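Undergrad: The structure follows.
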Amino acid sequence: MTYKLYYSLLSASMGVRVILEEIGVSYELIQSTTDRTVPRSPEQMAINPNGWLPVLVWDDGAMYEAAAITMFLGDRHPEANLAPKVDDPARALYLQTLVYFSNSIQNAFQLSYYPDRFVDSAEDESSAQKRGARRLRETWKVIDDQIGDKEWILGDHFSVADIYLFMLTTWLRKERGHPATDEFPNVKRIADKVVRRPSVQLVYESWIADPER
C-alpha cells in the first residue's frame with residue numbers, strides 16, 4: 001500500500017508525514033501550498049474544496065482534516081502501536097485530546113495567523129490576533145495541566161497524540177505574541193522528547209535548523 005500526501009512545509013501535513021514514517025509505510029509526497037492565492041491541483045480541490053492541507057489519498061479512499069487523518073492512521077495500522085484500541089481505558093483521553101488540539105488550540109492559531117476569517121473589517125484584525133495569543137496561553141495551560149507528571153500524553157505509552165502536540169508547538173512564534181513552550185513545562189518536556197525521534201529529525205530537519213523561520 002502506498003499513500004499519497006498533499007504536503008507543504010510548516011503545515012499540519014508535516015505531522016501526518018511523521019506518523020507515516022513512524023508506521024513505516026510507503027508514501028508519496030505531492031507538493032502543495034497553504035497559500036490560498038496559489039492554484040492547487042484539481043485532485044486536491046476535489047477531495048478538500050477548502051483547499052487546506054493535509055489531504056491523504058490511498059488505494060480506495062481519501063480524506064482531509066489533520067486530526068481525523070491522525071485517528072484514521074492510528075486505527076488502520078494497529079501493528080505500529082501508536083493509538084489505544086477502542087476498548088483501551090486510554091481511548092477516551094486520546095480522542096478528547098486530539099479533538100481539543102484541533103478545535104481549541106488550532107482555532108487559537110487561526111485567530112493569530114488568519115484573523116481575516118473572524119472579523120468583518122481589517123481594522124479589527126489586530127484585536128483578533130491579540131485574542132488568539134491569549135487563547136493560546138489558555139488552551140496550552142489546559143494541556144499542560146492534563147499531562148501533569150505523565151511521561152507522555154496517555155501515560156507511559158508514546159502515541160500519535162504526542163506527535164500532534166509537537167507539531168502544534170512548532171507553530172508558536174514570539175513575534176506574534178505567542179507563549180513560549182517554556183511556560184508549559186510538561187508540554188515542553190514531551191515536545192523535547194518527540195523532536196529526538198528519527199522520524200521527526202527527518203521531517204522537521206529544516207525547522208530544527210531554523211525554528212523561527
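Within each chain, counting starts at residue 1; across the C-alpha cells, chains are named A, B, ... in the order shown, with ligands numbered 1 upward in that order.
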Pull the closest atom pair for each residue of segment 146-206 of chain A that gets at most 8 Å from segment 76-87 of chain A, along with the distance in Å to one decimal, counting only C-alpha atoms, ordering rows by chain and then ascending residue number, as a tab-separated table.
TA:
```
residue	atom	partner	partner_atom	distance
A:Phe158	CA	A:Leu82	CA	6.7
A:Ser159	CA	A:Leu82	CA	4.4
A:Val160	CA	A:Leu82	CA	5.6
```
Undergrad: Which residues, written as a VMD selection string, have at least one atom at most 9 Å from Ser126 of chain A, with only C-alpha atoms counted and residues fewer than 4 positions away on the same chain left out?
TA: chain A and resid 112 115 122 130 to 131
Undergrad: Enter the distance from atom CA of Asp120 of chain A to atom CA of Arg40 of chain A, in Å, rounded to one decimal.
TA: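 Those two atoms sit 26.4 Å apart.
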Undergrad: Could you pull out the residues in segment 40-176 of chain A that DSSP calls helix (DSSP H, G or I) from the backbone, as a ChimeraX atom specification?
TA: /A:42-47,66-76,78-80,91-113,115-117,122-147,160-169,174-176
Undergrad: Going by DSSP on the backbone, which bits of chain A are strand (DSSP E)? Write them as a list in words, please.
TA: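 Everything in chain A that counts as strand (DSSP E) is Thr2, Tyr3, Lys4, Leu5, Tyr6, Tyr7, Ser26, Tyr27, Glu28, Leu29, Ile30, Gln31, Val55, Leu56, Val57, Trp58, Gly61, Ala62, Met63 and Tyr64 of chain A.
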Undergrad: Write the selection just made, keeping N, CA and C atoms, as a PDB file, in the first residue's frame?
TA:
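Now in out04.pdb:
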```pdb
ATOM      1  N   THR A   2       0.535   2.171  -0.857  1.00  0.00           N
ATOM      2  CA  THR A   2       1.238   3.450  -0.902  1.00  0.00           C
ATOM      3  C   THR A   2       0.233   4.581  -0.709  1.00  0.00           C
ATOM      4  N   TYR A   3       0.517   5.455   0.234  1.00  0.00           N
ATOM      5  CA  TYR A   3      -0.305   6.640   0.448  1.00  0.00           C
ATOM      6  C   TYR A   3       0.239   7.787  -0.395  1.00  0.00           C
ATOM      7  N   LYS A   4      -0.646   8.721  -0.708  1.00  0.00           N
ATOM      8  CA  LYS A   4      -0.246   9.997  -1.283  1.00  0.00           C
ATOM      9  C   LYS A   4      -0.625  11.082  -0.286  1.00  0.00           C
ATOM     10  N   LEU A   5       0.330  11.958   0.002  1.00  0.00           N
ATOM     11  CA  LEU A   5       0.090  13.031   0.958  1.00  0.00           C
ATOM     12  C   LEU A   5       0.347  14.369   0.298  1.00  0.00           C
ATOM     13  N   TYR A   6      -0.709  15.176   0.200  1.00  0.00           N
ATOM     14  CA  TYR A   6      -0.545  16.551  -0.281  1.00  0.00           C
ATOM     15  C   TYR A   6       0.092  17.333   0.851  1.00  0.00           C
ATOM     16  N   TYR A   7       1.186  18.025   0.532  1.00  0.00           N
ATOM     17  CA  TYR A   7       2.156  18.386   1.561  1.00  0.00           C
ATOM     18  C   TYR A   7       2.720  19.787   1.346  1.00  0.00           C
ATOM     19  N   SER A  26       4.975   2.974   2.861  1.00  0.00           N
ATOM     20  CA  SER A  26       5.459   3.792   1.753  1.00  0.00           C
ATOM     21  C   SER A  26       4.455   4.904   1.466  1.00  0.00           C
ATOM     22  N   TYR A  27       4.978   6.050   1.052  1.00  0.00           N
ATOM     23  CA  TYR A  27       4.099   7.170   0.726  1.00  0.00           C
ATOM     24  C   TYR A  27       4.780   8.065  -0.294  1.00  0.00           C
ATOM     25  N   GLU A  28       3.935   8.811  -0.986  1.00  0.00           N
ATOM     26  CA  GLU A  28       4.401   9.767  -1.989  1.00  0.00           C
ATOM     27  C   GLU A  28       3.983  11.161  -1.545  1.00  0.00           C
ATOM     28  N   LEU A  29       4.930  12.084  -1.538  1.00  0.00           N
ATOM     29  CA  LEU A  29       4.608  13.467  -1.222  1.00  0.00           C
ATOM     30  C   LEU A  29       4.236  14.210  -2.494  1.00  0.00           C
ATOM     31  N   ILE A  30       3.116  14.913  -2.452  1.00  0.00           N
ATOM     32  CA  ILE A  30       2.695  15.755  -3.564  1.00  0.00           C
ATOM     33  C   ILE A  30       2.763  17.196  -3.080  1.00  0.00           C
ATOM     34  N   GLN A  31       3.695  17.939  -3.615  1.00  0.00           N
ATOM     35  CA  GLN A  31       3.927  19.298  -3.138  1.00  0.00           C
ATOM     36  C   GLN A  31       2.717  20.178  -3.390  1.00  0.00           C
ATOM     37  N   VAL A  55      -4.081  16.556   2.915  1.00  0.00           N
ATOM     38  CA  VAL A  55      -5.006  15.667   2.212  1.00  0.00           C
ATOM     39  C   VAL A  55      -4.277  14.334   2.034  1.00  0.00           C
ATOM     40  N   LEU A  56      -4.923  13.257   2.449  1.00  0.00           N
ATOM     41  CA  LEU A  56      -4.335  11.921   2.351  1.00  0.00           C
ATOM     42  C   LEU A  56      -5.153  11.075   1.393  1.00  0.00           C
ATOM     43  N   VAL A  57      -4.454  10.384   0.484  1.00  0.00           N
ATOM     44  CA  VAL A  57      -5.108   9.535  -0.517  1.00  0.00           C
ATOM     45  C   VAL A  57      -4.508   8.140  -0.414  1.00  0.00           C
ATOM     46  N   TRP A  58      -5.355   7.125  -0.532  1.00  0.00           N
ATOM     47  CA  TRP A  58      -4.879   5.743  -0.586  1.00  0.00           C
ATOM     48  C   TRP A  58      -5.686   4.992  -1.633  1.00  0.00           C
ATOM     49  N   GLY A  61      -9.632   5.320  -1.186  1.00  0.00           N
ATOM     50  CA  GLY A  61     -10.233   6.404  -0.433  1.00  0.00           C
ATOM     51  C   GLY A  61      -9.348   7.624  -0.323  1.00  0.00           C
ATOM     52  N   ALA A  62      -9.906   8.650   0.303  1.00  0.00           N
ATOM     53  CA  ALA A  62      -9.177   9.900   0.518  1.00  0.00           C
ATOM     54  C   ALA A  62      -9.889  10.655   1.637  1.00  0.00           C
ATOM     55  N   MET A  63      -9.139  11.528   2.309  1.00  0.00           N
ATOM     56  CA  MET A  63      -9.750  12.319   3.372  1.00  0.00           C
ATOM     57  C   MET A  63      -8.885  13.543   3.672  1.00  0.00           C
ATOM     58  N   TYR A  64      -9.480  14.472   4.411  1.00  0.00           N
ATOM     59  CA  TYR A  64      -8.746  15.634   4.900  1.00  0.00           C
ATOM     60  C   TYR A  64      -9.077  15.857   6.364  1.00  0.00           C
TER      61      TYR A  64
END
```
Undergrad: Identify which of the residues A:Tyr94, A:Thr170, A:Ile190, A:Val38 lies closest to Leu9 of chain A, counting only C-alpha atoms when measuring atom-to-atom distances.
TA: A:Thr170
Undergrad: Can you work out which one of A:Ser41, A:Trp152, A:Phe118, A:Thr70 has the shortest atom-to-atom distance to Leu20 of chain A, counting only C-alpha atoms?
TA: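 Selected residue with least distance to Leu20 of chain A: A:Thr70.
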Undergrad: May I have the residues within 9 Å of Thr139 of chain A as a PyMOL selection string, using only C-alpha atoms and disregarding those fewer than 5 positions away in the same chain?
TA: chain A and resi 100-101+104-105+108+134+144
Undergrad: Taking only C-alpha atoms into account, name the residue in A:Glu175, A:Asp35, A:Gln106, A:Leu136 that is nearest to Gly51 of chain A.
TA: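 Counting only C-alpha atoms, the residue closest to Gly51 of chain A is A:Asp35.
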Undergrad: With only C-alpha atoms as the atoms that count, which of A:Asp124, A:Val187, A:Asn103, A:Gln110 lies nearest to Val142 of chain A?
TA: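 Counting only C-alpha atoms, the residue closest to Val142 of chain A is A:Val187.
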Undergrad: If we count only C-alpha atoms, what is near Glu65 of chain A at a cut-off of 10 Å, once residues fewer than 3 positions away on the same chain are taken out, given as a tab-separated table (two decimals) with C-alpha atoms, in the first residue's frame?
TA:
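Listing of out00.tsv after writing:
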```
chain	number	residue	atom	x	y	z
A	12	ALA	CA	-0.20	20.16	9.53
A	13	SER	CA	0.79	17.80	6.73
A	48	ASN	CA	-10.99	19.12	0.01
A	52	TRP	CA	-6.37	23.24	3.03
A	53	LEU	CA	-3.74	20.68	3.98
A	54	PRO	CA	-3.23	17.86	4.72
A	55	VAL	CA	-5.01	15.67	2.21
A	56	LEU	CA	-4.33	11.92	2.35
A	68	ALA	CA	-9.18	12.86	11.53
A	69	ILE	CA	-6.23	11.57	9.49
A	70	THR	CA	-4.24	11.08	12.70
A	102	SER	CA	-8.00	20.51	16.57
```
Undergrad: Quick one: which segment 137-181 of chain A residues come within 10 Å of segment 195-202 of chain A, and what is the nearest atom pair for each with the distance in Å to one decimal, counting only C-alpha atoms, rows ordered by chain and ascending number, as JSON lines?
TA:
```
{"residue": "A:Ile163", "atom": "CA", "partner": "A:Val200", "partner_atom": "CA", "distance": 8.6}
{"residue": "A:Phe166", "atom": "CA", "partner": "A:Val195", "partner_atom": "CA", "distance": 7.5}
{"residue": "A:Met167", "atom": "CA", "partner": "A:Val200", "partner_atom": "CA", "distance": 9.5}
```
Undergrad: Tell me, as a list in words, which residues lie within 10 Å of Glu151 of chain A, counting only C-alpha atoms; anything in the same chain fewer than 3 positions away does not count.
TA: Ile147, Gly148, Leu154, Gly155, Asp156, His157, Phe158, Asn186, Arg189, Ile190 and Lys193 of chain A
Undergrad: Please save C-alpha atoms of the selected residues as a CSV table (one decimal), in the first residue's frame.
TA:
```csv
chain,number,residue,atom,x,y,z
A,147,ILE,CA,-0.3,16.0,31.2
A,148,GLY,CA,0.9,16.6,34.7
A,154,LEU,CA,-1.5,9.0,27.6
A,155,GLY,CA,0.8,8.0,30.4
A,156,ASP,CA,3.8,5.7,29.8
A,157,HIS,CA,3.0,5.0,26.1
A,158,PHE,CA,4.0,7.1,23.1
A,186,ASN,CA,5.0,19.4,30.8
A,189,ARG,CA,9.2,18.0,28.2
A,190,ILE,CA,7.1,15.9,25.7
A,193,LYS,CA,11.5,14.0,23.6
```
